[in-house]
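Reproduced below: protein_8.csv, with CSV, C-alpha atoms and all ligand atoms.
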chain,number,residue,atom,x,y,z
A,287,MET,CA,23.0,1.4,4.1
A,288,LYS,CA,22.9,-0.3,7.5
A,289,LYS,CA,22.5,-4.1,7.5
A,290,ILE,CA,18.9,-5.3,7.6
A,291,TYR,CA,17.9,-8.4,9.4
A,292,LYS,CA,14.8,-10.5,8.4
A,293,ARG,CA,13.4,-13.0,10.9
A,294,LYS,CA,10.9,-15.6,9.6
A,295,PHE,CA,8.9,-16.6,12.6
A,296,GLU,CA,6.8,-19.7,12.1
A,297,ARG,CA,3.4,-19.2,13.7
A,298,ASN,CA,1.2,-21.8,15.4
A,299,ASP,CA,-0.7,-22.1,12.0
A,300,LYS,CA,2.6,-22.8,10.2
A,301,ARG,CA,2.3,-19.5,8.3
A,302,HIS,CA,5.1,-16.8,8.7
A,303,LEU,CA,5.3,-13.6,10.5
A,304,LEU,CA,8.2,-11.6,9.1
A,305,LEU,CA,10.2,-9.2,11.2
A,306,PHE,CA,12.4,-6.7,9.5
A,307,GLY,CA,14.9,-4.6,11.5
A,308,TYR,CA,18.3,-3.0,11.9
A,309,GLU,CA,18.6,-5.1,15.1
A,310,GLU,CA,18.6,-8.9,14.9
A,311,HIS,CA,15.2,-10.0,16.4
A,312,LYS,CA,15.8,-12.9,18.8
A,313,GLU,CA,12.9,-12.5,21.3
A,314,ILE,CA,11.1,-15.6,22.4
A,315,ALA,CA,7.4,-15.5,21.4
A,316,SER,CA,4.7,-15.0,24.0
A,317,LYS,CA,1.1,-16.3,23.6
A,318,GLU,CA,-0.1,-16.4,20.0
A,319,LEU,CA,-3.6,-15.7,18.6
A,320,GLU,CA,-5.8,-18.7,18.2
A,321,ILE,CA,-5.6,-20.4,14.8
A,322,THR,CA,-8.2,-19.1,12.4
A,323,PRO,CA,-9.4,-21.1,9.4
A,324,LEU,CA,-7.9,-20.1,6.1
A,325,PRO,CA,-10.3,-18.2,3.9
A,326,SER,CA,-11.3,-19.5,0.5
A,327,PRO,CA,-12.3,-16.5,-1.5
A,328,HIS,CA,-13.4,-16.8,-5.1
A,329,MET,CA,-13.7,-14.5,-8.1
A,330,ARG,CA,-16.5,-14.0,-10.5
A,331,TRP,CA,-16.1,-12.4,-14.0
A,332,ASN,CA,-18.1,-9.3,-14.4
A,333,PRO,CA,-19.0,-9.5,-18.1
A,334,ALA,CA,-20.3,-6.0,-18.3
A,335,ARG,CA,-17.1,-4.4,-17.1
A,336,GLN,CA,-14.8,-7.2,-18.3
A,337,GLU,CA,-13.1,-7.5,-15.0
A,338,TRP,CA,-12.9,-9.8,-12.0
A,339,VAL,CA,-14.7,-9.2,-8.7
A,340,THR,CA,-13.5,-11.1,-5.7
A,341,TYR,CA,-15.8,-12.5,-3.0
A,342,SER,CA,-14.5,-13.3,0.5
A,343,GLU,CA,-16.6,-14.8,3.3
A,344,THR,CA,-17.4,-12.4,6.1
A,345,ARG,CA,-15.3,-12.7,9.2
A,346,LYS,CA,-16.0,-15.6,11.5
A,347,VAL,CA,-17.0,-14.4,14.9
A,348,ARG,CA,-14.1,-14.7,17.3
A,349,THR,CA,-14.3,-16.9,20.3
A,350,SER,CA,-13.1,-14.4,22.8
A,351,PHE,CA,-14.1,-10.8,22.8
A,352,PRO,CA,-11.2,-8.3,23.4
A,353,PRO,CA,-11.9,-4.9,24.8
A,354,GLU,CA,-12.9,-2.0,22.5
A,355,GLU,CA,-9.5,-0.4,22.6
A,356,TYR,CA,-7.8,-3.7,21.7
A,357,CYS,CA,-5.3,-3.3,18.9
A,358,PRO,CA,-4.2,-6.5,17.1
A,359,LEU,CA,-1.2,-4.8,15.7
A,360,CYS,CA,0.4,-3.7,19.0
A,361,PRO,CA,3.2,-5.9,20.4
A,362,GLY,CA,1.3,-8.6,22.3
A,363,ALA,CA,3.9,-9.7,24.8
A,364,GLU,CA,2.9,-7.1,27.4
A,365,LEU,CA,-0.9,-7.1,26.9
A,366,ASN,CA,-3.6,-9.3,28.4
A,367,PHE,CA,-4.7,-10.3,25.0
A,368,ALA,CA,-2.7,-12.0,22.3
A,369,THR,CA,-2.1,-9.9,19.2
A,370,GLU,CA,-0.8,-10.7,15.7
A,371,ILE,CA,2.7,-9.9,16.9
A,372,PRO,CA,3.5,-12.0,20.0
A,373,PHE,CA,6.6,-10.0,21.0
A,374,LYS,CA,7.6,-7.0,23.2
A,375,ASN,CA,9.4,-5.2,20.4
A,376,PHE,CA,9.7,-5.1,16.6
A,377,GLU,CA,10.6,-2.6,13.9
A,378,VAL,CA,8.6,-3.5,10.8
A,379,ALA,CA,6.3,-6.6,10.8
A,380,ILE,CA,4.5,-8.3,7.9
A,381,PHE,CA,2.2,-11.3,8.2
A,382,PRO,CA,-0.6,-13.0,6.1
A,383,ASN,CA,-4.0,-11.3,6.5
A,384,ARG,CA,-6.4,-13.7,8.3
A,385,TRP,CA,-9.3,-12.2,6.3
A,386,ALA,CA,-7.6,-12.3,2.9
A,387,SER,CA,-9.4,-11.4,-0.3
A,388,PHE,CA,-6.7,-13.3,-2.2
A,389,ASN,CA,-5.5,-16.6,-0.8
A,390,THR,CA,-4.5,-19.6,-3.0
A,391,ASN,CA,-7.2,-22.2,-2.4
A,392,ASP,CA,-9.4,-24.8,-4.2
A,393,ASP,CA,-12.8,-23.2,-3.9
A,394,LYS,CA,-15.3,-24.9,-6.2
A,395,THR,CA,-18.0,-22.2,-6.5
A,396,SER,CA,-19.7,-22.5,-9.8
A,397,ILE,CA,-22.6,-20.5,-11.3
A,398,ASP,CA,-24.3,-21.4,-14.6
A,399,GLY,CA,-23.3,-19.0,-17.3
A,400,LEU,CA,-20.7,-17.3,-15.3
A,401,SER,CA,-16.9,-17.7,-15.2
A,402,THR,CA,-15.6,-18.2,-11.7
A,403,LYS,CA,-12.3,-19.3,-10.1
A,404,PRO,CA,-10.6,-19.4,-6.7
A,405,SER,CA,-9.1,-16.0,-5.7
A,406,ASN,CA,-5.6,-17.2,-5.6
A,407,GLY,CA,-2.7,-15.0,-4.4
A,408,GLU,CA,-1.8,-13.5,-1.1
A,409,CYS,CA,-2.8,-10.7,1.2
A,410,GLU,CA,-0.4,-9.4,3.8
A,411,VAL,CA,-0.6,-6.8,6.5
A,412,VAL,CA,2.4,-4.5,6.9
A,413,VAL,CA,2.9,-2.9,10.3
A,414,TYR,CA,5.1,0.2,10.2
A,415,SER,CA,5.9,0.5,13.8
A,416,SER,CA,5.4,-1.1,17.2
A,417,LYS,CA,4.1,2.2,18.5
A,418,HIS,CA,0.3,2.6,18.3
A,419,LEU,CA,0.4,6.3,17.8
A,420,ASP,CA,3.2,6.5,15.3
A,421,THR,CA,2.7,8.0,11.9
A,422,ILE,CA,4.9,8.2,8.8
A,423,ALA,CA,4.8,12.0,9.4
A,424,GLN,CA,6.9,11.6,12.5
A,425,MET,CA,9.0,8.4,12.1
A,426,PRO,CA,12.8,8.5,11.8
A,427,ILE,CA,13.8,8.4,8.1
A,428,SER,CA,15.7,5.2,8.8
A,429,ARG,CA,12.4,3.5,9.7
A,430,ILE,CA,10.8,4.6,6.4
A,431,GLU,CA,13.9,3.3,4.5
A,432,LEU,CA,13.3,0.0,6.3
A,433,LEU,CA,9.7,0.0,5.2
A,434,PHE,CA,10.8,0.4,1.6
A,435,ASN,CA,13.3,-2.4,2.0
A,436,ALA,CA,10.6,-4.6,3.4
A,437,TRP,CA,8.3,-3.8,0.4
A,438,SER,CA,11.2,-4.7,-1.9
A,439,ASP,CA,11.6,-8.1,-0.2
A,440,ARG,CA,7.9,-8.8,-0.6
A,441,TYR,CA,7.9,-7.9,-4.3
A,442,ILE,CA,10.9,-10.2,-4.9
A,443,LYS,CA,9.5,-13.1,-2.9
A,444,LEU,CA,5.9,-12.9,-4.1
A,445,LEU,CA,6.6,-12.3,-7.8
A,446,GLU,CA,8.6,-15.6,-7.7
A,447,ARG,CA,5.3,-17.5,-7.2
A,448,ASP,CA,3.5,-19.0,-10.2
A,449,ASP,CA,0.1,-18.2,-8.7
A,450,ILE,CA,0.9,-14.4,-8.5
A,451,GLN,CA,0.9,-12.0,-11.4
A,452,TYR,CA,0.9,-8.6,-9.7
A,453,VAL,CA,2.0,-7.2,-6.3
A,454,MET,CA,0.6,-4.0,-4.9
A,455,PRO,CA,1.5,-2.5,-1.5
A,456,PHE,CA,-1.1,0.1,-0.5
A,457,GLU,CA,-2.4,2.0,2.5
A,458,ASN,CA,-5.8,3.3,3.4
A,459,ARG,CA,-5.6,6.1,6.0
A,460,GLY,CA,-8.3,7.7,8.0
A,461,VAL,CA,-11.9,6.9,8.8
A,462,GLU,CA,-13.0,8.5,5.5
A,463,CYS,CA,-11.1,5.7,3.8
A,464,GLY,CA,-12.8,3.0,5.9
A,465,VAL,CA,-10.0,2.5,8.4
A,466,THR,CA,-11.0,1.7,12.0
A,467,LEU,CA,-7.6,0.5,13.1
A,468,HIS,CA,-5.3,3.5,13.7
A,469,HIS,CA,-2.0,1.6,14.4
A,470,PRO,CA,0.2,2.7,11.4
A,471,HIS,CA,-0.1,-0.1,8.8
A,472,GLY,CA,-0.6,-0.9,5.2
A,473,GLN,CA,-1.4,-3.9,3.2
A,474,ILE,CA,0.0,-5.9,0.3
A,475,TYR,CA,-2.3,-7.6,-2.3
A,476,ALA,CA,-0.7,-10.1,-4.6
A,477,TYR,CA,-3.1,-10.8,-7.4
A,478,PRO,CA,-3.5,-13.8,-9.6
A,479,PHE,CA,-4.0,-11.5,-12.6
A,480,ILE,CA,-2.9,-8.0,-13.7
A,481,PRO,CA,-5.5,-5.6,-12.3
A,482,PRO,CA,-7.4,-3.4,-14.8
A,483,VAL,CA,-5.8,-0.1,-13.8
A,484,ILE,CA,-2.3,-1.6,-13.9
A,485,LYS,CA,-3.0,-3.2,-17.3
A,486,LYS,CA,-3.8,0.2,-18.7
A,487,GLU,CA,-0.6,1.7,-17.2
A,488,ILE,CA,1.4,-1.1,-18.7
A,489,GLU,CA,-0.1,-0.5,-22.1
A,490,ALA,CA,0.5,3.2,-21.7
A,491,PHE,CA,4.2,2.7,-20.8
A,492,ASN,CA,4.6,0.3,-23.6
A,493,LYS,CA,3.3,2.9,-26.0
A,494,GLU,CA,5.1,6.0,-24.5
A,495,ASN,CA,6.9,6.9,-21.3
A,496,PHE,CA,4.5,9.7,-20.5
A,497,ILE,CA,6.3,10.3,-17.2
A,498,LYS,CA,9.7,10.9,-18.9
A,499,LYS,CA,8.0,13.2,-21.4
A,500,LEU,CA,6.4,15.2,-18.6
A,501,MET,CA,9.4,15.2,-16.3
A,502,LYS,CA,10.7,18.7,-17.2
A,503,ASP,CA,7.3,20.2,-16.7
A,504,LEU,CA,6.8,18.3,-13.4
A,505,GLU,CA,10.1,19.6,-12.2
A,506,LYS,CA,9.2,23.2,-13.1
A,507,ASN,CA,5.5,23.6,-12.5
A,508,TYR,CA,3.9,20.6,-10.8
A,509,PHE,CA,6.3,19.6,-8.1
A,510,VAL,CA,5.5,19.9,-4.4
A,511,TYR,CA,8.9,18.5,-3.4
A,512,GLN,CA,12.0,17.2,-5.2
A,513,ASP,CA,15.7,16.3,-4.8
A,514,ASP,CA,18.2,14.8,-7.2
A,515,ASN,CA,16.6,11.4,-7.3
A,516,VAL,CA,12.9,11.8,-6.8
A,517,ILE,CA,10.0,14.2,-7.4
A,518,ALA,CA,6.7,14.5,-5.7
A,519,ALA,CA,4.2,16.2,-7.9
A,520,VAL,CA,0.5,16.8,-8.6
A,521,PRO,CA,0.2,15.2,-12.0
A,522,PRO,CA,-1.3,17.7,-14.6
A,523,PHE,CA,-4.0,15.0,-15.4
A,524,SER,CA,-4.9,14.3,-11.7
A,525,ARG,CA,-8.4,13.2,-10.9
A,526,TYR,CA,-8.4,14.3,-7.2
A,527,ALA,CA,-7.8,17.9,-6.1
A,528,TYR,CA,-4.8,16.9,-3.9
A,529,GLU,CA,-3.6,13.8,-5.8
A,530,ILE,CA,0.2,13.4,-5.6
A,531,TRP,CA,2.6,11.0,-7.3
A,532,ILE,CA,6.1,10.3,-6.0
A,533,ILE,CA,8.3,9.3,-8.9
A,534,PRO,CA,12.0,8.4,-9.2
A,535,LYS,CA,13.7,10.7,-11.7
A,536,ARG,CA,15.5,7.6,-13.1
A,537,GLN,CA,13.2,5.1,-14.9
A,538,ILE,CA,13.1,2.0,-12.8
A,539,ALA,CA,10.7,-0.9,-12.5
A,540,GLY,CA,10.2,-0.9,-8.7
A,541,PRO,CA,11.8,-0.2,-5.3
A,542,TRP,CA,13.8,-3.5,-5.6
A,543,GLN,CA,16.0,-1.5,-8.1
A,544,PHE,CA,16.6,1.4,-5.7
A,545,THR,CA,20.2,2.5,-4.9
A,546,ASP,CA,20.9,3.3,-1.2
A,547,GLN,CA,20.5,7.0,-2.2
A,548,GLU,CA,17.1,6.4,-3.8
A,549,TYR,CA,15.9,4.5,-0.7
A,550,ASN,CA,16.8,7.6,1.3
A,551,SER,CA,15.3,10.0,-1.2
A,552,PHE,CA,12.0,8.1,-1.3
A,553,ALA,CA,11.8,7.8,2.5
A,554,VAL,CA,12.3,11.6,2.8
A,555,ALA,CA,9.8,12.3,0.0
A,556,LEU,CA,7.2,10.0,1.5
A,557,GLN,CA,7.5,11.7,4.9
A,558,LYS,CA,7.4,15.2,3.3
A,559,VAL,CA,4.2,14.3,1.5
A,560,VAL,CA,2.4,12.8,4.5
A,561,LYS,CA,3.6,15.5,6.9
A,562,GLY,CA,2.7,18.2,4.3
A,563,TYR,CA,-0.8,16.8,3.8
A,564,ASP,CA,-1.3,16.8,7.6
A,565,SER,CA,-0.2,20.3,8.1
A,566,PHE,CA,-2.1,21.5,5.1
A,567,LEU,CA,-5.3,20.1,6.5
A,568,GLY,CA,-4.5,20.8,10.1
A,569,ARG,CA,-5.4,17.2,11.0
A,570,ARG,CA,-4.4,13.7,10.0
A,571,CYS,CA,-5.1,13.7,6.3
A,572,PRO,CA,-7.1,10.7,4.9
A,573,TYR,CA,-5.8,9.1,1.8
A,574,ILE,CA,-5.5,6.0,-0.3
A,575,MET,CA,-1.9,5.4,-1.2
A,576,GLY,CA,-0.5,2.7,-3.5
A,577,LEU,CA,2.7,1.6,-5.1
A,578,HIS,CA,2.5,1.1,-8.9
A,579,ALA,CA,5.5,-1.0,-9.9
A,580,ALA,CA,6.2,-3.2,-13.0
A,581,PRO,CA,4.6,-6.7,-13.1
A,582,ASN,CA,7.9,-8.3,-13.2
A,583,LEU,CA,11.3,-7.7,-11.7
A,584,GLU,CA,13.2,-7.2,-15.0
A,585,ASP,CA,10.7,-5.0,-16.8
A,586,ASP,CA,12.2,-2.0,-18.6
A,587,ASN,CA,9.2,-0.2,-19.9
A,588,PHE,CA,7.4,0.6,-16.7
A,589,HIS,CA,8.2,3.7,-14.6
A,590,PHE,CA,7.6,3.0,-10.9
A,591,HIS,CA,5.6,5.6,-8.9
A,592,MET,CA,3.5,6.0,-5.8
A,593,GLU,CA,0.1,7.5,-6.0
A,594,PHE,CA,-1.9,9.3,-3.3
A,595,TYR,CA,-5.6,10.0,-3.5
A,596,PRO,CA,-7.0,12.1,-0.6
A,597,PRO,CA,-10.8,11.8,-0.9
A,598,LEU,CA,-11.3,15.5,-0.8
A,599,ARG,CA,-12.6,18.3,-3.0
A,600,HIS,CA,-11.0,21.7,-2.8
A,601,GLY,CA,-10.4,22.5,0.9
A,602,ASP,CA,-11.7,19.9,3.4
A,603,LYS,CA,-14.9,19.0,1.6
A,604,PRO,CA,-15.3,15.3,1.0
A,605,LYS,CA,-15.1,14.0,-2.6
A,606,VAL,CA,-17.6,11.4,-3.4
A,607,LEU,CA,-17.2,9.3,-6.5
A,608,ALA,CA,-20.7,10.2,-7.8
A,609,GLY,CA,-22.6,9.8,-11.0
A,610,SER,CA,-20.1,10.6,-13.6
A,611,GLU,CA,-17.1,9.1,-11.8
A,612,SER,CA,-18.9,5.9,-10.8
A,613,MET,CA,-21.2,5.3,-13.7
A,614,ALA,CA,-19.1,6.6,-16.6
A,615,GLY,CA,-15.6,6.6,-15.2
A,616,VAL,CA,-15.3,10.3,-16.0
A,617,PHE,CA,-13.8,12.5,-13.3
A,618,ILE,CA,-15.0,16.0,-13.0
A,619,MET,CA,-12.5,18.5,-11.4
A,620,ASP,CA,-13.1,22.0,-10.1
A,621,VAL,CA,-9.5,23.0,-9.5
A,622,PHE,CA,-6.4,22.9,-11.7
A,623,PRO,CA,-3.5,20.7,-10.7
A,624,GLU,CA,-1.0,23.6,-11.5
A,625,GLU,CA,-2.8,25.6,-8.8
A,626,THR,CA,-3.0,22.9,-6.1
A,627,ALA,CA,0.7,22.1,-6.7
A,628,ILE,CA,1.6,25.6,-5.6
A,629,GLU,CA,-0.8,25.4,-2.7
A,630,LEU,CA,0.6,22.1,-1.4
A,631,ARG,CA,4.3,23.0,-2.2
A,632,LYS,CA,4.2,25.5,0.7
A,633,PHE,CA,3.7,22.6,3.1
A,634,MET,CA,6.1,20.1,1.6
A,635,SER,CA,9.2,21.8,0.5
B,701,ZN,ZN,-1.7,-0.7,18.2
In structure tokens, how does this file's structure come out?
Amino acid sequence: MKKIYKRKFERNDKRHLLLFGYEEHKEIASKELEITPLPSPHMRWNPARQEWVTYSETRKVRTSFPPEEYCPLCPGAELNFATEIPFKNFEVAIFPNRWASFNTNDDKTSIDGLSTKPSNGECEVVVYSSKHLDTIAQMPISRIELLFNAWSDRYIKLLERDDIQYVMPFENRGVECGVTLHHPHGQIYAYPFIPPVIKKEIEAFNKENFIKKLMKDLEKNYFVYQDDNVIAAVPPFSRYAYEIWIIPKRQIAGPWQFTDQEYNSFAVALQKVVKGYDSFLGRRCPYIMGLHAAPNLEDDNFHFHMEFYPPLRHGDKPKVLAGSESMAGVFIMDVFPEETAIELRKFMS
């Protein structure tokens, strides 16, 4: 693998913008964004669901109003307005989210009869490319490998912190998933507790490695793409018509344990899936994508995987989490995963 450089640029607010690249980044910064006050989000315990809900103040109104087409993730050095990245060029950039839902703070919110605490942790924005119109479907594979390496770096650094219990990179894509900013990017949430969905997965993996048990069937019936190291498949228990998981064939805790070969295989598989979704739909496919890794770097029960949930029913009809899904947590499906796997495979292999 090519050498990867990481530049830690100290911003005007003393927080860090990280620049990952195959080229050493030495550019001198142009005008930076104005300093914004740090958010102080807090959490309230929902006793009915036995889970935390986090509350973050709404965005403060900005002092200057940029034009409508303004993109805060484009390289700022050649624009009339400062952006998050005050340079001409970059490969992959990661910086703290100014509107973080998790940010270690000393909020004192208290409500009688309710358990509350500060929403400690970290929220970061991950910018995949300096080009506004780029997409994972078209990027060079080396760029996607770089992205996985940047994710690994964040897992390692964030999990070192005592105020962080779980790290999850994710991406919301498309207006259907609430995205208004089309510059290719994702986010990383570093939580002060293990989130409920992950807690269940950890318990499941402690009990049985269901992925390992299913692997032969995934390889034979449910795959949409595979090579020697990774498989992309519609899980036989999927809850969305076009749900796909990308799974390493070897049981590993997270991308920080990837070999060079696995970095490459994952980059290729990720591109196949995104490109395949897009050509299947004939437009940019909306999805929610997340990385599910172990809660600690040395874990040997968890089996890392990425999950994709396109919010669609069969075809291009939108899937709404309605009565049964929202109120009871029971998903109702009208297509079989073994059928959608065959349908999607044509676009991904
Ligand atoms: Zn942009």
- Give as a list in words every residue, naming chains and numbers as the document does, that has an atom within 12 Å of (0.6, 2.8, -18.1), counting only C-alpha atoms.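 Protein, DNA and RNA residues close to (0.6, 2.8, -18.1): Pro481, Pro482, Val483, Ile484, Lys485, Lys486, Glu487, Ile488, Glu489, Ala490, Phe491, Asn492, Lys493, Glu494, Asn495, Phe496, Ile497, His578, Ala579, Ala580, Pro581, Asn587, Phe588, His589, Phe590 and His591 of chain A.
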- With only C-alpha atoms and all ligand atoms as the atoms that count, which of A:Tyr356, A:Phe479, A:Phe633, A:Trp542 lies nearest to ligand ZN 701 (chain B)?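 The shortest atom-to-atom distance to ligand ZN 701 (chain B) comes from A:Tyr356.
Among A:Ala436, A:Cys571, A:Leu577, A:Leu467, the residue with the shortest atom-to-atom distance to ligand ZN 701 (chain B), counting all atoms listed in the file, is A:Leu467.
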- Query: Which polymer residues have any atom within 10 Å of an atom of A:Leu598, counting all atoms listed in the file, with same-chain residues fewer than 3 positions away left out, as a VMD selection string?
  - Reply: chain A and resid 462 526 to 529 571 to 573 595 601 to 606
- Task: Would you mind telling me which residue in A:Gly609, A:Pro522, A:Pro361, A:Pro426 lies nearest to ligand ZN 701 (chain B) when using only C-alpha atoms and all ligand atoms?
- Result: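 Of A:Gly609, A:Pro522, A:Pro361, A:Pro426, the one nearest ligand ZN 701 (chain B), counting only C-alpha atoms and all ligand atoms, is A:Pro361.
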